[in-house]
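Below: input.csv (CSV, C-alpha atoms)
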chain,number,residue,atom,x,y,z
L,20,MET,CA,125.6,85.2,20.8
L,21,ASN,CA,123.3,82.6,22.4
L,22,ALA,CA,121.4,83.5,25.6
L,23,PRO,CA,123.0,82.1,28.7
L,24,LEU,CA,121.4,78.9,29.9
L,25,PRO,CA,119.5,79.0,33.2
L,26,PRO,CA,121.5,77.8,36.2
L,27,GLU,CA,121.2,74.1,37.0
L,28,PRO,CA,119.1,73.5,40.1
L,29,ASP,CA,121.1,72.7,43.2
L,30,PRO,CA,120.8,69.0,43.7
L,31,VAL,CA,120.7,69.4,47.4
L,32,SER,CA,117.8,71.9,47.1
L,33,VAL,CA,116.0,69.6,44.8
L,34,ALA,CA,116.5,66.7,47.2
L,35,GLU,CA,115.3,68.8,50.1
L,36,GLU,CA,112.3,69.9,48.2
L,37,ARG,CA,111.4,66.4,47.4
L,38,ARG,CA,111.9,65.3,50.9
L,39,LEU,CA,109.7,68.1,52.2
L,40,GLN,CA,107.0,67.0,49.9
L,41,GLN,CA,107.4,63.5,51.1
L,42,VAL,CA,107.2,64.6,54.7
L,43,PHE,CA,103.9,66.4,54.0
L,44,ARG,CA,102.5,63.4,52.2
L,45,ASP,CA,103.5,60.9,54.9
L,46,GLY,CA,102.5,63.3,57.7
L,47,ALA,CA,99.3,64.4,56.1
L,48,ALA,CA,96.2,63.8,58.3
L,49,ASP,CA,94.1,60.8,57.5
L,50,TYR,CA,90.7,61.1,56.0
L,51,LEU,CA,88.3,62.2,58.7
L,52,ASP,CA,85.1,60.1,59.1
L,53,ASP,CA,81.9,62.0,58.7
L,54,ALA,CA,80.7,60.8,62.2
L,55,GLY,CA,77.5,62.7,61.9
L,56,PHE,CA,79.1,66.0,60.8
L,57,THR,CA,76.9,66.2,57.6
L,58,ALA,CA,73.8,65.5,59.6
L,59,ARG,CA,74.6,68.3,62.0
L,60,VAL,CA,75.2,70.7,59.1
L,61,LEU,CA,71.9,69.8,57.4
L,62,GLY,CA,70.1,70.2,60.7
L,63,ARG,CA,71.3,73.8,60.9
L,64,LEU,CA,70.2,74.8,57.4
L,65,PRO,CA,67.5,77.4,57.1
L,66,ALA,CA,63.9,76.3,56.5
L,67,ALA,CA,63.3,74.9,52.9
L,68,ARG,CA,62.5,77.4,50.2
L,69,ARG,CA,58.9,76.2,49.7
L,70,GLN,CA,58.2,76.7,53.4
L,71,ARG,CA,59.7,80.2,53.3
L,72,GLU,CA,57.6,81.1,50.2
L,73,ARG,CA,54.5,79.7,51.8
L,74,ARG,CA,55.1,81.8,54.9
L,75,ARG,CA,55.7,84.9,52.8
L,76,TRP,CA,52.4,84.4,50.9
L,77,LEU,CA,50.6,83.8,54.1
L,78,LEU,CA,51.9,87.0,55.6
L,79,LEU,CA,51.1,88.9,52.4
L,80,GLY,CA,47.6,87.5,52.2
L,81,THR,CA,46.9,88.3,55.9
L,82,ALA,CA,48.1,91.8,55.3
L,83,VAL,CA,45.9,92.3,52.3
L,84,LEU,CA,42.8,90.9,54.2
L,85,LEU,CA,43.5,93.1,57.2
L,86,GLY,CA,44.1,96.1,55.0
L,87,GLY,CA,40.9,95.5,53.1
L,88,ALA,CA,38.9,95.1,56.3
L,89,VAL,CA,40.3,98.3,57.7
L,90,ALA,CA,39.5,100.1,54.4
L,91,GLY,CA,36.0,98.7,54.4
L,92,VAL,CA,35.3,99.8,57.9
L,93,PHE,CA,36.7,103.3,57.6
L,94,GLY,CA,36.0,104.0,53.9
L,95,GLY,CA,33.2,101.7,53.1
L,96,HIS,CA,30.8,104.3,51.6
L,97,ASP,CA,33.4,105.8,49.3
L,98,LEU,CA,34.6,102.4,48.3
L,99,ALA,CA,31.1,101.3,47.4
L,100,ALA,CA,30.6,104.4,45.2
L,101,ALA,CA,33.9,103.7,43.4
L,102,LEU,CA,33.0,100.1,42.9
L,103,SER,CA,29.6,101.0,41.5
L,104,ALA,CA,31.2,103.5,39.0
L,105,GLY,CA,33.6,100.8,38.0
L,106,TRP,CA,30.8,98.3,37.5
L,107,SER,CA,28.9,100.8,35.3
L,108,TRP,CA,31.9,101.4,33.2
L,109,ALA,CA,32.5,97.6,32.7
L,110,ALA,CA,28.8,97.2,31.8
L,111,GLU,CA,29.0,100.0,29.3
L,112,TRP,CA,32.1,98.5,27.6
L,113,SER,CA,30.7,95.0,27.5
L,114,VAL,CA,28.0,96.0,25.0
L,115,ARG,CA,30.4,97.6,22.6
L,116,PRO,CA,31.5,95.7,19.5
L,117,ILE,CA,34.6,93.5,20.1
L,118,PRO,CA,37.7,95.0,18.4
L,119,ARG,CA,39.7,93.1,15.8
L,120,MET,CA,40.5,89.6,17.2
L,121,GLU,CA,44.0,89.7,15.8
L,122,THR,CA,44.8,92.9,17.7
L,123,LEU,CA,43.5,91.4,20.9
L,124,ALA,CA,45.4,88.1,20.4
L,125,THR,CA,48.7,90.0,19.7
L,126,ALA,CA,48.2,92.2,22.7
L,127,GLY,CA,47.5,89.2,24.9
L,128,SER,CA,50.5,87.3,23.6
L,129,LEU,CA,52.7,90.3,24.3
L,130,VAL,CA,51.4,90.5,27.8
L,131,VAL,CA,52.1,86.8,28.4
L,132,LEU,CA,55.5,87.0,26.8
L,133,ILE,CA,56.6,90.0,28.9
L,134,GLY,CA,55.2,88.3,32.0
L,135,ALA,CA,57.1,85.1,31.3
L,136,LEU,CA,60.4,87.0,30.6
L,137,ALA,CA,60.0,88.9,33.8
L,138,VAL,CA,59.4,85.6,35.8
L,139,ALA,CA,62.4,84.0,34.1
L,140,TRP,CA,64.6,87.0,34.9
L,141,TRP,CA,63.6,87.1,38.6
L,142,SER,CA,63.9,83.4,39.2
L,143,ARG,CA,67.2,82.9,37.3
L,144,ARG,CA,70.1,81.1,39.1
L,145,GLU,CA,73.7,81.5,38.3
L,146,VAL,CA,76.2,78.7,38.7
R,16,MET,CA,78.4,56.8,41.7
R,17,SER,CA,78.2,60.4,43.0
R,18,LEU,CA,77.4,63.3,40.7
R,19,PRO,CA,80.2,65.8,40.0
R,20,ASP,CA,80.2,68.9,42.2
R,21,ILE,CA,78.8,71.2,39.5
R,22,ASP,CA,75.7,69.0,39.0
R,23,LEU,CA,75.1,68.8,42.8
R,24,ILE,CA,75.4,72.6,43.0
R,25,ALA,CA,73.0,73.0,40.2
R,26,ARG,CA,70.4,70.8,42.0
R,27,VAL,CA,70.8,72.7,45.2
R,28,LEU,CA,70.3,76.1,43.4
R,29,ALA,CA,67.4,74.9,41.2
R,30,TYR,CA,65.5,72.7,43.6
R,31,ASP,CA,66.9,73.5,47.1
R,32,ASP,CA,67.9,69.8,47.0
R,33,ARG,CA,69.1,69.0,50.6
R,34,HIS,CA,70.3,65.6,49.6
R,35,ALA,CA,72.6,67.1,46.9
R,36,PHE,CA,73.9,69.6,49.4
R,37,GLY,CA,74.5,66.8,51.9
R,38,GLU,CA,76.5,65.0,49.3
R,39,LEU,CA,78.7,68.0,48.8
R,40,VAL,CA,79.3,68.3,52.5
R,41,ARG,CA,80.1,64.6,52.7
R,42,GLN,CA,82.6,64.8,49.9
R,43,HIS,CA,84.5,67.9,51.2
R,44,GLN,CA,84.1,67.8,55.0
R,45,SER,CA,87.4,65.9,55.6
R,46,ALA,CA,89.5,68.4,53.6
R,47,VAL,CA,87.8,71.4,55.2
R,48,ARG,CA,88.0,70.0,58.7
R,49,ASN,CA,91.7,69.0,58.3
R,50,PHE,CA,92.6,72.5,57.1
R,51,LEU,CA,90.8,74.1,60.0
R,52,ARG,CA,92.4,71.7,62.5
R,53,ARG,CA,95.8,72.6,61.0
R,54,LEU,CA,95.1,76.3,61.4
R,55,SER,CA,93.7,76.1,64.9
R,56,GLY,CA,96.6,74.0,66.1
R,57,GLY,CA,94.8,70.8,66.8
R,58,ARG,CA,91.7,72.3,68.5
R,59,HIS,CA,89.4,69.7,67.0
R,60,ALA,CA,86.1,70.9,68.5
R,61,LEU,CA,86.8,74.5,67.5
R,62,ALA,CA,87.8,73.4,64.0
R,63,ASP,CA,84.7,71.4,63.6
R,64,ASP,CA,82.5,74.3,64.7
R,65,LEU,CA,84.2,76.5,62.2
R,66,ALA,CA,83.8,73.8,59.5
R,67,GLN,CA,80.0,73.8,60.2
R,68,GLU,CA,79.9,77.5,59.8
R,69,THR,CA,81.9,77.2,56.6
R,70,PHE,CA,79.3,74.9,55.0
R,71,LEU,CA,76.4,77.0,56.2
R,72,ALA,CA,78.0,80.1,54.6
R,73,ALA,CA,78.6,78.1,51.5
R,74,TYR,CA,74.9,77.1,51.4
R,75,ARG,CA,73.8,80.8,51.8
R,76,ASP,CA,76.3,82.0,49.1
R,77,LEU,CA,76.1,79.1,46.7
R,78,ALA,CA,74.8,81.2,43.9
R,79,ARG,CA,78.0,83.3,44.0
R,80,PHE,CA,80.1,80.3,43.0
R,81,ARG,CA,81.1,81.0,39.4
R,82,GLY,CA,83.0,77.8,38.7
R,83,GLY,CA,86.2,79.6,38.0
R,84,SER,CA,88.0,77.4,40.5
R,85,ALA,CA,87.4,74.0,42.0
R,86,PHE,CA,84.5,73.9,44.5
R,87,SER,CA,87.0,72.6,47.1
R,88,THR,CA,89.2,75.6,46.6
R,89,TRP,CA,86.2,77.9,47.0
R,90,LEU,CA,85.2,76.1,50.2
R,91,LEU,CA,88.8,76.5,51.6
R,92,GLY,CA,88.6,80.2,51.0
R,93,ILE,CA,85.3,80.4,53.1
R,94,ALA,CA,86.9,78.2,55.8
R,95,TYR,CA,89.9,80.6,56.0
R,96,ASN,CA,87.6,83.6,56.3
R,97,GLN,CA,85.7,81.8,59.1
R,98,TYR,CA,89.0,81.2,60.9
R,99,ARG,CA,90.1,84.8,60.6
R,100,SER,CA,86.7,86.1,61.8
R,101,ALA,CA,87.0,83.7,64.8
R,102,ARG,CA,90.5,84.9,65.6
R,103,ARG,CA,89.3,88.6,65.5
R,104,ARG,CA,86.4,87.8,67.7
R,105,ASP,CA,88.5,86.0,70.3
R,106,ARG,CA,91.4,88.4,70.2
R,107,GLY,CA,92.4,89.2,73.8
R,108,THR,CA,90.3,86.4,75.3
R,109,VAL,CA,91.7,83.2,73.6
R,110,GLU,CA,95.3,82.5,72.9
R,111,TRP,CA,95.5,81.3,69.4
R,112,THR,CA,98.9,79.6,69.7
R,113,GLY,CA,99.5,76.3,68.0
R,114,GLU,CA,98.9,73.2,70.0
R,115,VAL,CA,100.7,70.0,69.3
R,116,PRO,CA,98.4,67.0,69.3
R,117,ALA,CA,99.4,64.3,71.8
R,118,ALA,CA,100.9,61.2,70.2
R,119,GLU,CA,98.0,59.2,71.4
R,120,ALA,CA,95.7,61.3,69.2
R,121,LEU,CA,97.6,60.5,66.1
R,122,PRO,CA,96.4,57.6,63.9
R,123,GLY,CA,98.7,54.6,64.0
R,124,TYR,CA,99.7,55.2,67.6
R,125,GLU,CA,98.5,51.9,68.9
R,126,SER,CA,100.1,49.9,66.1
R,127,THR,CA,103.3,48.1,67.1
R,128,ALA,CA,104.7,48.0,63.5
R,129,PRO,CA,107.9,50.1,63.2
R,130,ALA,CA,106.6,51.8,60.0
R,131,ALA,CA,103.5,53.0,61.9
R,132,ALA,CA,105.6,54.2,64.8
R,133,ALA,CA,107.8,56.1,62.4
R,134,THR,CA,104.8,57.7,60.8
R,135,VAL,CA,103.5,58.8,64.2
R,136,ASP,CA,106.8,60.3,65.1
R,137,LEU,CA,106.9,62.1,61.8
R,138,GLN,CA,103.3,63.4,62.2
R,139,GLN,CA,104.1,64.7,65.7
R,140,ASP,CA,107.4,66.3,64.5
R,141,LEU,CA,105.6,67.9,61.6
R,142,ALA,CA,102.8,69.2,63.9
R,143,THR,CA,105.4,70.6,66.3
R,144,ALA,CA,107.2,72.3,63.5
R,145,LEU,CA,104.0,73.7,62.0
R,146,ALA,CA,103.1,75.1,65.4
R,147,GLN,CA,106.2,77.3,65.2
R,148,LEU,CA,105.0,79.0,62.0
R,149,THR,CA,102.8,82.0,61.9
R,150,HIS,CA,99.1,81.5,61.0
R,151,ASP,CA,99.7,82.8,57.4
R,152,GLU,CA,102.7,80.6,56.9
R,153,ARG,CA,100.9,77.6,58.2
R,154,ALA,CA,97.9,78.2,56.0
R,155,ALA,CA,100.0,78.8,52.9
R,156,ILE,CA,102.3,75.7,53.4
R,157,HIS,CA,99.3,73.5,54.1
R,158,LEU,CA,97.4,74.6,51.0
R,159,CYS,CA,100.4,74.2,48.7
R,160,TYR,CA,101.9,71.0,50.2
R,161,THR,CA,99.0,69.1,51.7
R,162,GLU,CA,96.2,70.2,49.4
R,163,GLY,CA,98.5,70.4,46.4
R,164,LEU,CA,97.2,73.9,45.3
R,165,THR,CA,99.3,76.1,43.1
R,166,HIS,CA,100.5,79.4,44.5
R,167,GLU,CA,97.8,81.2,42.4
R,168,GLU,CA,95.1,79.0,43.9
R,169,ALA,CA,96.4,79.4,47.4
R,170,SER,CA,96.5,83.2,46.8
R,171,ALA,CA,92.8,83.0,45.8
R,172,VAL,CA,91.9,81.0,48.9
R,173,LEU,CA,93.8,83.2,51.3
R,174,GLY,CA,92.8,86.5,49.7
R,175,SER,CA,96.4,87.6,49.6
R,176,PRO,CA,98.6,88.8,46.7
R,177,LEU,CA,100.5,86.1,44.9
R,178,GLY,CA,103.9,87.5,46.0
R,179,THR,CA,102.8,87.5,49.7
R,180,VAL,CA,101.8,83.8,49.4
R,181,LYS,CA,105.1,82.9,47.8
R,182,THR,CA,106.9,84.7,50.6
R,183,HIS,CA,104.9,82.9,53.2
R,184,VAL,CA,105.7,79.5,51.6
R,185,LEU,CA,109.4,80.3,51.3
R,186,ARG,CA,109.7,81.4,54.9
R,187,ALA,CA,107.7,78.3,56.1
R,188,LYS,CA,110.0,76.0,54.1
R,189,GLU,CA,113.1,77.6,55.6
R,190,LYS,CA,111.7,77.2,59.1
R,191,LEU,CA,110.6,73.6,58.5
R,192,ARG,CA,113.9,72.7,57.0
R,193,ARG,CA,115.6,73.8,60.2
R,194,LEU,CA,113.0,72.2,62.5
R,195,LEU,CA,112.7,68.9,60.5
R,196,HIS,CA,116.5,68.5,60.0
R,197,ALA,CA,116.2,65.0,61.5
R,198,TRP,CA,114.1,64.0,58.5
R,199,ALA,CA,116.4,65.6,55.9
R,200,PRO,CA,117.8,63.5,53.1
R,201,SER,CA,121.2,62.1,53.8
Target encoding structure tokens, full file:
Amino acid sequence: MNAPLPPEPDPVSVAEERRLQQVFRDGAADYLDDAGFTARVLGRLPAARRQRERRRWLLLGTAVLLGGAVAGVFGGHDLAAALSAGWSWAAEWSVRPIPRMETLATAGSLVVLIGALAVAWWSRREV
Amino acid sequence: MSLPDIDLIARVLAYDDRHAFGELVRQHQSAVRNFLRRLSGGRHALADDLAQETFLAAYRDLARFRGGSAFSTWLLGIAYNQYRSARRRDRGTVEWTGEVPAAEALPGYESTAPAAAATVDLQQDLATALAQLTHDERAAIHLCYTEGLTHEEASAVLGSPLGTVKTHVLRAKEKLRRLLHAWAPS
């Protein structure tokens, strides 16, 4: 036995639906001229990204300098001793034979690769 | 010729290209402003303020646009959220009833051509009828009949379940059919 056919749409309902669509088309608001709207929006956007980053680095740099100055004033003696020990260590290592160049090159490449991946990850954008 | 929306969005995200964002605003400002004017019952200044907030919110959250829907649909969703937030803020202080724009404010009013006069009458009757709908019904019917969105797209814009949107559209149509009986087919 065949499935029953869906009921025929009521012609009055179809006509009314078409008329309602026509009413909305005819009654739709016209295109609104920009009249400075876009300029007002652009004027309210936050500062450009470069400016924000510059400001961030400026704050960071100032904080580091201030922090270093405070550390120097209050812990200058201990700091000088630590730097001197570090300098001696570096001087000692500088006269040792250079390890295999290949090992150094591989290690250096890995460091650069990991750094580049990290930068790419943090600066990714999704669309 | 202007770039497609997706290319403009990519430029904004990659380079913070203000010109590209300005182009996006220019292309979509009319639809967003008309939608908000419809919702706010003809309060043009309020609607334009909300439209500005819409585009500012879109700029801040542009990275969240996934491209699953049209950019215009995504914008209308933000616009509707801005409208709802404004209503919540003004609850008890501002009456959000629908206002019917005066005939003088409608385009074509000054024309003496009969067709233009009929259009003005229709626009005013439609505005009067829409003012009788609830906010949700008005939003749903505008999205489906003026913007041409499907029920699914309107549901995404309004953040309401599909069944709820269909109910709003159905009720709106019933009311409009009664209120616009003068424009009914013979």
Interface residues on chain R facing chain L, 7 Å, all atoms listed in the file, written as a ChimeraX atom specification: /R:25,28,31,37,40-41,45,49,67,71,78,80-82,134,137-138,141,160-161,199-200
d(CA of Leu77 (chain R), CA of His43 (chain R)) in Å: 14.7 Å
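CA of Leu78 (chain L) to CA of Phe36 (chain R) spans 28.7 Å [interatomic distance, one decimal].
The spacing separating CA of Gly163 (chain R) from CA of Leu91 (chain R) amounts to 12.6 Å.
Distances from R:Leu177, R:Ala144, R:Val172, R:Cys159 to Lys190 (chain R) were compared using only C-alpha atoms, and the smallest one belongs to R:Ala144.
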Nearest to Leu164 (chain R), chosen from R:Leu185, R:Asp105, R:Ala94, R:Ala85, with only C-alpha atoms counted in the distances: R:Ala85
Polymer residues at most 12 Å from (77.4, 63.8, 40.5) by only C-alpha atoms, as a ChimeraX atom specification: /R:16-26,34-36,38-39,42
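Excluding Leu54 (chain R) itself and same-chain residues fewer than 5 positions from it, the residues having an atom within 7 Å of it are His150, Arg153 and Ala154 of chain R, counting all atoms listed in the file.
Between Leu90 (chain R) and the candidates R:Arg48, R:Lys188, R:Glu152, R:Lys181, the tightest atom-to-atom separation, counting all atoms listed in the file, involves R:Arg48.
Nearest to Leu61 (chain R) of all the residues R:His166, R:Arg102, R:His157, R:Arg193 is R:Arg102, counting all atoms listed in the file.
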